[in-house]
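**Q** Have a look at this one before I ask anything.
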Amino acid sequence: MVREIVIYPDKRLKLISKKVEVFDEKIHALLDDMYDTMIAKNGVGLAAIQIGVDLRALIINIPLEEADAEHSQPKENTLEMINPAIIEMDGSTHFQEGCLSVPGVYEDVNRAKHVKVEYQDRFGNTHIIEDDDFLAIAMQHEIDHLEGRVFVEKLSYTKRKKFEKEWKRRSKPA
Ligand code: CO
């Protein structure tokens with residue numbers, strides 16, 4: 001089921017999400033709704049709080065190899081992460097990020113180049129994944145949501161000011 005996206009600066013985006021303790025059909029339904037919502041909105045990642053649920057769950061679309069890119073994104077290519085924790089990070093890089101909670105805004109953000117993340121799947125099994133490419137950036141962006149952080153808060157003072165002014169102007173009813 002497609003759910004409504006929580007839009008910046010909604011206060012819920014500031015919540016620190018809670019650890020998932022029970023891996024039952026309720027968490028499965030949440031992950032399925034997150035998937036439906038991400039696909040409907042053409043997103044590449046989504047944290048539970050972005051549909052108003054303060055649980056430590058996120059999903060990321062793993063980019064397909066170019067040969068497969070003409071086919072639609074299969075669900076098997078979606079990484080589901082519950083209670084993720086960054087256990088190693090190093091290097092630095094930057095990437096133009098966007099977010100379904102800040103629609104239409106794309107800004108360069110500094111991140112670690114390489115991360116290693118421990119997480120649980122929807123059944124509670126523990127996994128470790130590491131990456132130094134798109135997935136590394138996406139994981140840092142989504143894990144930030146679980147800590148109540150949105151990517152625009154990482155912009156430099158000047159860029160942030162400019163963004164806030166523009167965002168206020170745009171959010172005003174016409
Ligand atoms: Co986001």
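Letters A, B, ... mark the chains of the structure tokens in the order given; residue numbers begin at 1 per chain; ligand numbers begin at 1, in order shown.
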For the interface of segment 143-174 of chain A with segment 9-16 of chain A (cut-off 9 Å, counting only C-alpha atoms), please tabulate each contacting residue of segment 143-174 of chain A alongside its nearest pair of atoms and their separation in Å to one decimal, rows sorted by chain and increasing number, as CSV.
**A**
```
residue,atom,partner,partner_atom,distance
A:His145,CA,A:Leu13,CA,7.0
A:Leu146,CA,A:Ile16,CA,5.7
A:Glu147,CA,A:Ile16,CA,4.7
A:Gly148,CA,A:Lys14,CA,3.9
A:Arg149,CA,A:Lys14,CA,6.2
A:Val150,CA,A:Leu13,CA,7.3
```
**Q** Let's have the selection written as a PDB file, in the first residue's frame, with N, CA and C atoms.
**A**
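So the final result, stored in result.pdb, reads:
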```pdb
ATOM      1  N   HIS A 145      18.408   9.319   8.533  1.00  0.00           N
ATOM      2  CA  HIS A 145      16.974   9.489   8.825  1.00  0.00           C
ATOM      3  C   HIS A 145      16.605   8.831  10.155  1.00  0.00           C
ATOM      4  N   LEU A 146      17.218   7.682  10.461  1.00  0.00           N
ATOM      5  CA  LEU A 146      16.900   6.972  11.703  1.00  0.00           C
ATOM      6  C   LEU A 146      17.366   7.764  12.918  1.00  0.00           C
ATOM      7  N   GLU A 147      18.346   8.660  12.692  1.00  0.00           N
ATOM      8  CA  GLU A 147      18.863   9.519  13.762  1.00  0.00           C
ATOM      9  C   GLU A 147      18.205  10.899  13.740  1.00  0.00           C
ATOM     10  N   GLY A 148      17.174  11.063  12.926  1.00  0.00           N
ATOM     11  CA  GLY A 148      16.461  12.331  12.893  1.00  0.00           C
ATOM     12  C   GLY A 148      17.135  13.399  12.048  1.00  0.00           C
ATOM     13  N   ARG A 149      17.970  12.958  11.103  1.00  0.00           N
ATOM     14  CA  ARG A 149      18.700  13.929  10.277  1.00  0.00           C
ATOM     15  C   ARG A 149      18.292  13.829   8.812  1.00  0.00           C
ATOM     16  N   VAL A 150      18.157  14.998   8.197  1.00  0.00           N
ATOM     17  CA  VAL A 150      17.812  15.092   6.777  1.00  0.00           C
ATOM     18  C   VAL A 150      19.011  15.704   6.046  1.00  0.00           C
TER      19      VAL A 150
END
```
**Q** Quick one: residues within 10 Å of Lys116 of chain A, only C-alpha atoms counted, chain neighbours fewer than 6 positions away excluded, as a list in words?
**A**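 Near neighbours after the sequence-gap exclusion: Ala85, Ile86, Ile87, Glu88, Met89, Asp90, Ile128, Ile129, Glu130, Asp131, Asp132, Ala136 and Met139 of chain A.
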**Q** Write the residues you've just listed into a file as a PDB file, in the first residue's frame, and include N, CA and C atoms for each of them.
**A**
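Result went into again.pdb, see below:
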```pdb
ATOM      1  N   ALA A  85      23.691  -0.564  11.690  1.00  0.00           N
ATOM      2  CA  ALA A  85      24.714   0.173  12.440  1.00  0.00           C
ATOM      3  C   ALA A  85      25.978   0.219  11.597  1.00  0.00           C
ATOM      4  N   ILE A  86      26.528   1.421  11.441  1.00  0.00           N
ATOM      5  CA  ILE A  86      27.796   1.561  10.715  1.00  0.00           C
ATOM      6  C   ILE A  86      28.908   1.099  11.647  1.00  0.00           C
ATOM      7  N   ILE A  87      29.642   0.053  11.236  1.00  0.00           N
ATOM      8  CA  ILE A  87      30.694  -0.469  12.112  1.00  0.00           C
ATOM      9  C   ILE A  87      32.087  -0.078  11.612  1.00  0.00           C
ATOM     10  N   GLU A  88      32.153   0.466  10.399  1.00  0.00           N
ATOM     11  CA  GLU A  88      33.431   0.948   9.860  1.00  0.00           C
ATOM     12  C   GLU A  88      33.105   2.017   8.837  1.00  0.00           C
ATOM     13  N   MET A  89      33.855   3.106   8.852  1.00  0.00           N
ATOM     14  CA  MET A  89      33.726   4.102   7.783  1.00  0.00           C
ATOM     15  C   MET A  89      35.055   4.804   7.584  1.00  0.00           C
ATOM     16  N   ASP A  90      35.407   5.062   6.312  1.00  0.00           N
ATOM     17  CA  ASP A  90      36.624   5.817   6.049  1.00  0.00           C
ATOM     18  C   ASP A  90      36.574   6.476   4.675  1.00  0.00           C
ATOM     19  N   ILE A 128      26.245  -8.526   7.216  1.00  0.00           N
ATOM     20  CA  ILE A 128      27.182  -7.409   7.110  1.00  0.00           C
ATOM     21  C   ILE A 128      27.359  -7.107   5.626  1.00  0.00           C
ATOM     22  N   ILE A 129      27.330  -5.813   5.292  1.00  0.00           N
ATOM     23  CA  ILE A 129      27.516  -5.421   3.895  1.00  0.00           C
ATOM     24  C   ILE A 129      28.511  -4.274   3.874  1.00  0.00           C
ATOM     25  N   GLU A 130      29.372  -4.248   2.858  1.00  0.00           N
ATOM     26  CA  GLU A 130      30.221  -3.062   2.720  1.00  0.00           C
ATOM     27  C   GLU A 130      30.236  -2.586   1.287  1.00  0.00           C
ATOM     28  N   ASP A 131      30.449  -1.280   1.139  1.00  0.00           N
ATOM     29  CA  ASP A 131      30.405  -0.694  -0.189  1.00  0.00           C
ATOM     30  C   ASP A 131      31.202   0.600  -0.194  1.00  0.00           C
ATOM     31  N   ASP A 132      31.691   0.980  -1.390  1.00  0.00           N
ATOM     32  CA  ASP A 132      32.381   2.274  -1.501  1.00  0.00           C
ATOM     33  C   ASP A 132      31.882   3.016  -2.737  1.00  0.00           C
ATOM     34  N   ALA A 136      27.033   2.906  -0.568  1.00  0.00           N
ATOM     35  CA  ALA A 136      27.644   3.480   0.642  1.00  0.00           C
ATOM     36  C   ALA A 136      26.991   4.825   0.971  1.00  0.00           C
ATOM     37  N   MET A 139      23.261   4.275   2.036  1.00  0.00           N
ATOM     38  CA  MET A 139      23.133   3.762   3.407  1.00  0.00           C
ATOM     39  C   MET A 139      23.345   4.877   4.426  1.00  0.00           C
TER      40      MET A 139
END
```
**Q** Using only C-alpha atoms and all ligand atoms, which residues have at least one atom no more than 9 Å from ligand 1? Output them as a PyMOL selection string.
**A** chain A and resi 45-47+50+97-102+138+141-142+144-145+149-151
**Q** Would you list, as an NGL selection string, the residues of chain A that end up in strand (DSSP E) under DSSP run on this structure's backbone?
**A** :A and (45-47 or 57-61 or 78-90 or 93-97 or 107-111 or 114-120 or 126-131)
**Q** Let's have the selection written as a compact mmCIF listing (two decimals), in the first residue's frame, with N, CA and C atoms.
**A**
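Written output follows (again-v8.txt):
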```txt
# COMPACT_ATOMS: atom_id res chain seq x y z
N GLY A 45 15.52 5.22 -2.16
CA GLY A 45 15.67 4.78 -0.79
C GLY A 45 14.57 5.39 0.06
N LEU A 46 14.27 4.74 1.18
CA LEU A 46 13.23 5.26 2.06
C LEU A 46 13.44 4.72 3.47
N ALA A 47 13.32 5.60 4.45
CA ALA A 47 13.36 5.18 5.85
C ALA A 47 11.93 5.19 6.39
N ALA A 57 14.08 1.01 10.40
CA ALA A 57 13.95 0.19 9.20
C ALA A 57 14.12 1.09 7.99
N LEU A 58 14.84 0.60 6.98
CA LEU A 58 15.02 1.38 5.76
C LEU A 58 15.14 0.43 4.57
N ILE A 59 14.88 0.96 3.41
CA ILE A 59 15.06 0.17 2.19
C ILE A 59 15.85 1.01 1.17
N ILE A 60 16.60 0.31 0.33
CA ILE A 60 17.39 0.97 -0.71
C ILE A 60 17.28 0.13 -1.98
N ASN A 61 17.07 0.80 -3.08
CA ASN A 61 17.10 0.13 -4.38
C ASN A 61 18.54 -0.03 -4.81
N THR A 78 15.83 -4.87 -3.95
CA THR A 78 15.68 -3.90 -2.88
C THR A 78 16.30 -4.46 -1.60
N LEU A 79 17.21 -3.69 -1.05
CA LEU A 79 17.88 -4.07 0.18
C LEU A 79 17.03 -3.60 1.36
N GLU A 80 16.64 -4.50 2.22
CA GLU A 80 15.88 -4.16 3.42
C GLU A 80 16.82 -4.23 4.62
N MET A 81 16.91 -3.15 5.37
CA MET A 81 17.83 -3.11 6.51
C MET A 81 17.08 -2.72 7.78
N ILE A 82 17.19 -3.57 8.78
CA ILE A 82 16.57 -3.29 10.07
C ILE A 82 17.68 -3.15 11.10
N ASN A 83 17.53 -2.17 11.98
CA ASN A 83 18.52 -1.88 13.03
C ASN A 83 19.95 -1.77 12.46
N PRO A 84 20.14 -1.04 11.37
CA PRO A 84 21.49 -0.96 10.79
C PRO A 84 22.43 -0.15 11.67
N ALA A 85 23.69 -0.56 11.69
CA ALA A 85 24.71 0.17 12.44
C ALA A 85 25.98 0.22 11.60
N ILE A 86 26.53 1.42 11.44
CA ILE A 86 27.80 1.56 10.71
C ILE A 86 28.91 1.10 11.65
N ILE A 87 29.64 0.05 11.24
CA ILE A 87 30.69 -0.47 12.11
C ILE A 87 32.09 -0.08 11.61
N GLU A 88 32.15 0.47 10.40
CA GLU A 88 33.43 0.95 9.86
C GLU A 88 33.10 2.02 8.84
N MET A 89 33.86 3.11 8.85
CA MET A 89 33.73 4.10 7.78
C MET A 89 35.05 4.80 7.58
N ASP A 90 35.41 5.06 6.31
CA ASP A 90 36.62 5.82 6.05
C ASP A 90 36.57 6.48 4.67
N THR A 93 33.94 11.46 0.19
CA THR A 93 33.47 11.65 -1.17
C THR A 93 32.28 12.60 -1.11
N HIS A 94 31.81 13.03 -2.26
CA HIS A 94 30.57 13.81 -2.26
C HIS A 94 29.75 13.41 -3.46
N PHE A 95 28.45 13.63 -3.32
CA PHE A 95 27.51 13.11 -4.29
C PHE A 95 26.27 14.00 -4.25
N GLN A 96 25.64 14.18 -5.39
CA GLN A 96 24.42 14.99 -5.41
C GLN A 96 23.25 14.12 -4.93
N GLU A 97 22.73 14.48 -3.76
CA GLU A 97 21.68 13.68 -3.14
C GLU A 97 20.32 14.35 -3.28
N GLU A 107 21.29 18.35 -3.85
CA GLU A 107 22.46 19.11 -3.40
C GLU A 107 23.62 18.15 -3.13
N ASP A 108 24.82 18.68 -3.34
CA ASP A 108 26.03 17.92 -3.06
C ASP A 108 26.25 17.80 -1.55
N VAL A 109 26.48 16.57 -1.09
CA VAL A 109 26.68 16.34 0.34
C VAL A 109 27.97 15.53 0.53
N ASN A 110 28.74 15.89 1.56
CA ASN A 110 29.95 15.13 1.88
C ASN A 110 29.61 13.90 2.71
N ARG A 111 30.21 12.78 2.34
CA ARG A 111 29.99 11.52 3.05
C ARG A 111 31.31 10.76 3.12
N HIS A 114 33.69 4.89 2.10
CA HIS A 114 33.50 3.45 2.33
C HIS A 114 32.83 3.22 3.69
N VAL A 115 31.81 2.40 3.70
CA VAL A 115 31.20 2.03 4.98
C VAL A 115 30.96 0.52 5.03
N LYS A 116 31.02 0.02 6.26
CA LYS A 116 30.66 -1.36 6.53
C LYS A 116 29.50 -1.29 7.53
N VAL A 117 28.41 -1.97 7.20
CA VAL A 117 27.19 -1.84 7.99
C VAL A 117 26.69 -3.22 8.42
N GLU A 118 26.36 -3.32 9.70
CA GLU A 118 25.74 -4.54 10.20
C GLU A 118 24.24 -4.27 10.35
N TYR A 119 23.42 -5.21 9.92
CA TYR A 119 21.96 -4.99 9.97
C TYR A 119 21.24 -6.33 10.06
N GLN A 120 19.95 -6.24 10.28
CA GLN A 120 19.12 -7.45 10.30
C GLN A 120 18.15 -7.41 9.13
N THR A 126 21.15 -11.62 11.05
CA THR A 126 22.16 -10.56 10.97
C THR A 126 23.04 -10.72 9.73
N HIS A 127 23.33 -9.59 9.07
CA HIS A 127 24.19 -9.57 7.88
C HIS A 127 25.17 -8.42 7.99
N ILE A 128 26.24 -8.53 7.22
CA ILE A 128 27.18 -7.41 7.11
C ILE A 128 27.36 -7.11 5.63
N ILE A 129 27.33 -5.81 5.29
CA ILE A 129 27.52 -5.42 3.90
C ILE A 129 28.51 -4.27 3.87
N GLU A 130 29.37 -4.25 2.86
CA GLU A 130 30.22 -3.06 2.72
C GLU A 130 30.24 -2.59 1.29
N ASP A 131 30.45 -1.28 1.14
CA ASP A 131 30.40 -0.69 -0.19
C ASP A 131 31.20 0.60 -0.19
```
**Q** Hey, can you check how far atom CA of Ile7 of chain A sits from atom CA of Gly104 of chain A?
**A**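 Between atom CA of Ile7 of chain A and atom CA of Gly104 of chain A the gap works out to 11.6 Å.
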**Q** Counting only C-alpha atoms, which residue out of A:Ala40, A:Ile51, A:Val20, A:Met34 sits closest to Ile5 of chain A?
**A**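 Ranked by minimum distance to Ile5 of chain A, first place goes to A:Ile51.
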**Q** With only C-alpha atoms as the atoms that count, which of A:Lys19, A:Arg170, A:Lys154, A:Lys113 lies nearest to Ala48 of chain A?
**A**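 Distance minimum relative to Ala48 of chain A lands on A:Lys19.
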**Q** I'd like the interatomic distance between atom CA of Lys18 of chain A and atom CA of Leu55 of chain A, to a tenth of an Å.
**A**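 Here the two named atoms are 4.7 Å from each other.
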**Q** So, with only C-alpha atoms as the atoms that count, which of A:Thr158, A:Asp121, A:Glu166, A:Leu135 lies closest to Asp24 of chain A?
**A**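 Closest candidate: A:Asp121.
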**Q** Interatomic distance between atom CA of Ala112 of chain A and atom CA of Tyr35 of chain A?
**A** 26.1 Å
**Q** If you run DSSP on the backbone, which residues of chain A are alpha helix (DSSP H), as a PyMOL selection string?
**A** chain A and resi 25-40+134-146+157-171
**Q** Convert the current residue selection to file output with N, CA and C atoms, as a compact mmCIF listing (two decimals), in the first residue's frame.
**A**
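Wrote result.txt, looks like this:
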```
# COMPACT_ATOMS: atom_id res chain seq x y z
N GLU A 25 4.72 -10.22 11.17
CA GLU A 25 4.07 -9.77 9.93
C GLU A 25 3.82 -8.27 9.92
N LYS A 26 3.83 -7.66 11.11
CA LYS A 26 3.64 -6.19 11.15
C LYS A 26 4.84 -5.47 10.51
N ILE A 27 6.04 -5.96 10.82
CA ILE A 27 7.24 -5.34 10.25
C ILE A 27 7.32 -5.67 8.75
N HIS A 28 6.87 -6.86 8.38
CA HIS A 28 6.85 -7.23 6.96
C HIS A 28 5.91 -6.32 6.17
N ALA A 29 4.73 -6.05 6.75
CA ALA A 29 3.75 -5.17 6.10
C ALA A 29 4.32 -3.75 5.98
N LEU A 30 5.04 -3.32 7.01
CA LEU A 30 5.66 -1.99 6.97
C LEU A 30 6.66 -1.92 5.81
N LEU A 31 7.54 -2.92 5.72
CA LEU A 31 8.55 -2.95 4.65
C LEU A 31 7.89 -3.00 3.27
N ASP A 32 6.81 -3.75 3.15
CA ASP A 32 6.10 -3.84 1.87
C ASP A 32 5.48 -2.48 1.50
N ASP A 33 4.89 -1.81 2.49
CA ASP A 33 4.32 -0.48 2.24
C ASP A 33 5.42 0.51 1.85
N MET A 34 6.58 0.39 2.51
CA MET A 34 7.70 1.29 2.18
C MET A 34 8.14 1.06 0.74
N TYR A 35 8.19 -0.21 0.33
CA TYR A 35 8.56 -0.53 -1.05
C TYR A 35 7.56 0.06 -2.04
N ASP A 36 6.27 -0.17 -1.80
CA ASP A 36 5.23 0.36 -2.69
C ASP A 36 5.33 1.88 -2.80
N THR A 37 5.60 2.53 -1.67
CA THR A 37 5.67 3.99 -1.64
C THR A 37 6.90 4.49 -2.39
N MET A 38 8.04 3.83 -2.16
CA MET A 38 9.28 4.23 -2.84
C MET A 38 9.14 4.10 -4.35
N ILE A 39 8.57 2.98 -4.80
CA ILE A 39 8.40 2.76 -6.24
C ILE A 39 7.42 3.78 -6.83
N ALA A 40 6.30 4.01 -6.13
CA ALA A 40 5.28 4.96 -6.62
C ALA A 40 5.85 6.36 -6.77
N PHE A 134 27.71 3.89 -4.81
CA PHE A 134 26.38 4.45 -4.59
C PHE A 134 25.72 3.94 -3.31
N LEU A 135 25.86 2.64 -3.08
CA LEU A 135 25.20 2.03 -1.92
C LEU A 135 25.73 2.60 -0.60
N ALA A 136 27.03 2.91 -0.57
CA ALA A 136 27.64 3.48 0.64
C ALA A 136 26.99 4.82 0.97
N ILE A 137 26.78 5.64 -0.07
CA ILE A 137 26.15 6.96 0.12
C ILE A 137 24.70 6.78 0.56
N ALA A 138 24.00 5.89 -0.13
CA ALA A 138 22.57 5.68 0.16
C ALA A 138 22.39 5.18 1.60
N MET A 139 23.26 4.28 2.04
CA MET A 139 23.13 3.76 3.41
C MET A 139 23.34 4.88 4.43
N GLN A 140 24.33 5.74 4.19
CA GLN A 140 24.58 6.85 5.12
C GLN A 140 23.40 7.81 5.14
N HIS A 141 22.83 8.10 3.97
CA HIS A 141 21.68 9.00 3.87
C HIS A 141 20.49 8.43 4.66
N GLU A 142 20.20 7.14 4.44
CA GLU A 142 19.03 6.53 5.08
C GLU A 142 19.24 6.33 6.58
N ILE A 143 20.46 5.95 6.99
CA ILE A 143 20.73 5.77 8.42
C ILE A 143 20.61 7.12 9.14
N ASP A 144 20.99 8.20 8.47
CA ASP A 144 20.79 9.55 9.02
C ASP A 144 19.33 9.77 9.39
N HIS A 145 18.41 9.32 8.53
CA HIS A 145 16.97 9.49 8.82
C HIS A 145 16.60 8.83 10.16
N LEU A 146 17.22 7.68 10.46
CA LEU A 146 16.90 6.97 11.70
C LEU A 146 17.37 7.76 12.92
N TYR A 157 26.60 26.57 5.67
CA TYR A 157 25.74 27.61 6.21
C TYR A 157 25.06 28.41 5.09
N THR A 158 25.85 28.83 4.12
CA THR A 158 25.33 29.67 3.04
C THR A 158 24.33 28.91 2.18
N LYS A 159 24.67 27.69 1.83
CA LYS A 159 23.78 26.90 0.99
C LYS A 159 22.49 26.53 1.72
N ARG A 160 22.64 26.30 3.03
CA ARG A 160 21.48 25.95 3.85
C ARG A 160 20.51 27.13 3.92
N LYS A 161 21.04 28.33 4.14
CA LYS A 161 20.24 29.55 4.19
C LYS A 161 19.45 29.73 2.90
N LYS A 162 20.17 29.52 1.80
CA LYS A 162 19.57 29.68 0.48
C LYS A 162 18.45 28.65 0.28
N PHE A 163 18.73 27.43 0.71
CA PHE A 163 17.74 26.37 0.59
C PHE A 163 16.49 26.70 1.41
N GLU A 164 16.68 27.10 2.68
CA GLU A 164 15.54 27.36 3.57
C GLU A 164 14.65 28.47 3.02
N LYS A 165 15.28 29.50 2.45
CA LYS A 165 14.54 30.62 1.89
C LYS A 165 13.70 30.17 0.70
N GLU A 166 14.36 29.42 -0.17
CA GLU A 166 13.71 28.90 -1.37
C GLU A 166 12.58 27.92 -1.00
N TRP A 167 12.84 27.09 0.01
CA TRP A 167 11.86 26.07 0.45
C TRP A 167 10.62 26.73 1.03
N LYS A 168 10.81 27.77 1.83
CA LYS A 168 9.70 28.51 2.43
C LYS A 168 8.84 29.14 1.34
N ARG A 169 9.52 29.72 0.37
CA ARG A 169 8.84 30.39 -0.73
C ARG A 169 7.99 29.37 -1.50
N ARG A 170 8.59 28.21 -1.74
CA ARG A 170 7.92 27.19 -2.52
C ARG A 170 6.75 26.55 -1.77
N SER A 171 6.90 26.45 -0.44
CA SER A 171 5.88 25.76 0.36
C SER A 171 4.66 26.62 0.64
```
**Q** When distances are computed from only C-alpha atoms, which of A:Leu155, A:Val6, A:Ile62, A:Val22 shows the smallest separation from Ile49 of chain A?
**A** A:Val6
